[in-house]
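J.: Supplied in structure tokens, the structure appears directly below.
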Amino acid sequence: MKTIIRNFTSMFRKFVSASLLNLLGLSLAFASFFVIMTQVNYDLGYNKSFTEHEKLFRLTMNLGPGMEDYGVTLPRPLVEQLAAASPHIKGYGIEEGWTRFDQFLVDDQEYSLNLVYGIHDYMSVFKPTVICGDLKGLNQLPNIVLPRSEAMRIFGTANAVGKTLKYKWVEGWIFNVCAVIEDYPENNFLHGVSFRGTNENEGNYHNWNYQAYICVDDVANLPNVITAMRQKAIELFKDDFNMTTPQEEEALQVVLTPIADTHFAKDLSKDSPDIKSVSRSSVYLLICFSLLIVVIAAVNFMNFTLAETPLRIRSINTQKVLGASTACWPRPSSSVCWHSWGRWRWCMWLTT
């Protein structure tokens with residue numbers, strides 16, 4: 001090992017510029033690989049921070065020709081009926097189809113919050129880590145749930161349960177903090193948002209402004225869940241939406257998108273501005289590019305290193321001429337070889 005390091009430092013002293021360029025190229029390649037794979041990990045891990053994320057699905061519907069603008073968002077009572085269609089559905093959450101930036105006052109200081117409006121136990125389906133308080137407090141209006149970062153920013157403490165915020169635009173409207181949760185990671189569609197309970201549009205089939213999420217007991221039961229929900233949807237559409245033809249019935253489909261795949265679903269991001277969609281093929285292409293960069297850098301490194309081979313051979317030959325013995329490398333264990341070892345030390349000094 002000492003000889004390898006000695007030869008390396010020797011070549012580095014003789015060819016500083018070439019050695020620096022060689023090392024710099026390899027370092028830049030690994031740095032590029034790290035940066036690209038960080039973005040790949042961000043995209044492929046999107047929404048996977050949810051507990052049991054593989055059992056969590058976004059509920060949408062295909063409604064056939066003439067209703068292309070519907071189905072991504074749904075009416076509240078329709079979601080409630082579909083969620084009750086199968087015993088394999090453990091829970092569901094309904095939220096308004098957009099987030100709002102609302103202004104609040106705390107001790108005459110103004111704060112802006114990114115709010116998601118959820119129906120009843122909306123948060124229970126996502127199973128956040130509760131720091132303090134109770135998420136069921138969202139059922140009692142007007143209450144609010146804050147992530148840790150927002151609680152620290154506004155109140156200076158994570159234990160903000162019981163504290164109040166005054167709504168800026170309505171006189172006398174005060175919100176109570178009923179719970180504080182841990183922040184979701186950046187690669188999560190609920191990152192940085194606060195939650196407010198609402199109870200609007202109960203029984204109203206004409207307000208198609210809600211996003212729906214369901215949690216199943218086992219992924220293996222997903223086909224049964226979809227079949228039961230579709231049958232229920234056909235019954236409801238025949239009664240409430242005047243669906244009469246077999247073509248309309250055949251076109252009606254229930255779609256359950258895994259929560260981790262919503263990041264790649266362009267049909268969801270088109271009508272849901274809160275969902276940031278990317279192309280899955282672009283992510284895989286980034287992986288190929290990153291590997292290609294490392295392979296090219298490794299080949300270049302080997303080419304530059306092999307280009308120094310004649311100089312290394314000349315150094316070895318010089319050592320041989322001066323009497324260096326491979327049998328006595330790096331230091332003789334026998335007194336017989338001490339003379340050869342001395343000549344080897346002398347030739348090493350000459351060649352370095």
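Every chain in the structure tokens takes a letter, A first, then B, and so on in the order presented; its residues are numbered from 1, and the ligands are numbered from 1 following the presented order.
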Name the residues in contact with A:Gly91 at a cut-off of 12 Å, using only C-alpha atoms, excluding same-chain residues fewer than 6 positions from it; report them as an MDAnalysis selection string.

T.: chainID A and resid 55:57 79:80 82:85 120:127 212:217

J.: Please return as an MDAnalysis selection string: the residues of stretch 75-298 of chain A that backbone DSSP assigns to strand (DSSP E).

T.: chainID A and resid 89:106 109:119 130:133 143:147 164:167 174:181 194:198 210:216 253:258

J.: Tell me, counting only C-alpha atoms, for each residue of stretch 21-114 of chain A within 12 Å of stretch 132-148 of chain A, which pair of atoms is nearest and how far apart they are in Å to one decimal, in rows ordered by chain and increasing number, as a tab-separated table.

T.:
residue	atom	partner	partner_atom	distance
A:Phe104	CA	A:Ile144	CA	11.8
A:Leu113	CA	A:Leu146	CA	9.2
A:Asn114	CA	A:Leu146	CA	10.1

J.: Considering only C-alpha atoms, return as a PDB file with all heavy atoms, in the first residue's frame whatever protein or nucleic-acid residues lie within 6 Å of stretch 45-53 of chain A, sequence-local ones (same chain, fewer than 4 positions apart) excluded.

T.:
ATOM      1  N   ASN A  41     -34.951  10.224  -6.223  1.00  0.00           N
ATOM      2  CA  ASN A  41     -35.477   9.726  -4.953  1.00  0.00           C
ATOM      3  C   ASN A  41     -36.655  10.574  -4.470  1.00  0.00           C
ATOM      4  O   ASN A  41     -37.617  10.042  -3.895  1.00  0.00           O
ATOM      5  CB  ASN A  41     -34.364   9.733  -3.909  1.00  0.00           C
ATOM      6  CG  ASN A  41     -34.826   9.192  -2.569  1.00  0.00           C
ATOM      7  OD1 ASN A  41     -35.109   8.005  -2.431  1.00  0.00           O
ATOM      8  ND2 ASN A  41     -34.910  10.055  -1.576  1.00  0.00           N
ATOM      9  N   ASN A 187     -41.685  15.990  -0.148  1.00  0.00           N
ATOM     10  CA  ASN A 187     -42.258  15.221  -1.252  1.00  0.00           C
ATOM     11  C   ASN A 187     -43.566  14.562  -0.808  1.00  0.00           C
ATOM     12  O   ASN A 187     -43.745  13.345  -0.885  1.00  0.00           O
ATOM     13  CB  ASN A 187     -41.264  14.187  -1.775  1.00  0.00           C
ATOM     14  CG  ASN A 187     -40.817  13.199  -0.716  1.00  0.00           C
ATOM     15  OD1 ASN A 187     -40.947  13.459   0.474  1.00  0.00           O
ATOM     16  ND2 ASN A 187     -40.309  12.057  -1.141  1.00  0.00           N
ATOM     17  N   ASN A 188     -44.472  15.415  -0.360  1.00  0.00           N
ATOM     18  CA  ASN A 188     -45.797  14.996   0.074  1.00  0.00           C
ATOM     19  C   ASN A 188     -46.766  16.119  -0.244  1.00  0.00           C
ATOM     20  O   ASN A 188     -46.461  17.295  -0.001  1.00  0.00           O
ATOM     21  CB  ASN A 188     -45.796  14.695   1.577  1.00  0.00           C
ATOM     22  CG  ASN A 188     -47.083  14.045   2.052  1.00  0.00           C
ATOM     23  OD1 ASN A 188     -48.152  14.624   1.956  1.00  0.00           O
ATOM     24  ND2 ASN A 188     -46.983  12.829   2.574  1.00  0.00           N
ATOM     25  N   ALA A 260     -49.249   6.961  -4.051  1.00  0.00           N
ATOM     26  CA  ALA A 260     -47.875   7.193  -4.511  1.00  0.00           C
ATOM     27  C   ALA A 260     -47.819   7.451  -6.008  1.00  0.00           C
ATOM     28  O   ALA A 260     -46.825   7.993  -6.497  1.00  0.00           O
ATOM     29  CB  ALA A 260     -46.992   6.001  -4.145  1.00  0.00           C
TER      30      ALA A 260
END

J.: Do you have the atom CA of A:His191-atom CA of A:Thr164 distance handy?

T.: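 Computing the Euclidean distance for atom CA of A:His191 and atom CA of A:Thr164 yields 22.2 Å.
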
J.: Per DSSP on the backbone, filter stretch 73-246 of chain A down to the residues in alpha helix (DSSP H) and report them as an MDAnalysis selection string.

T.: chainID A and resid 76:83 148:155 222:240 246

J.: Rank nothing, just name the residue among A:Val40, A:Val180, A:Pro128, A:Ile94 nearest to A:Cys288, using only C-alpha atoms.

T.: A:Val40
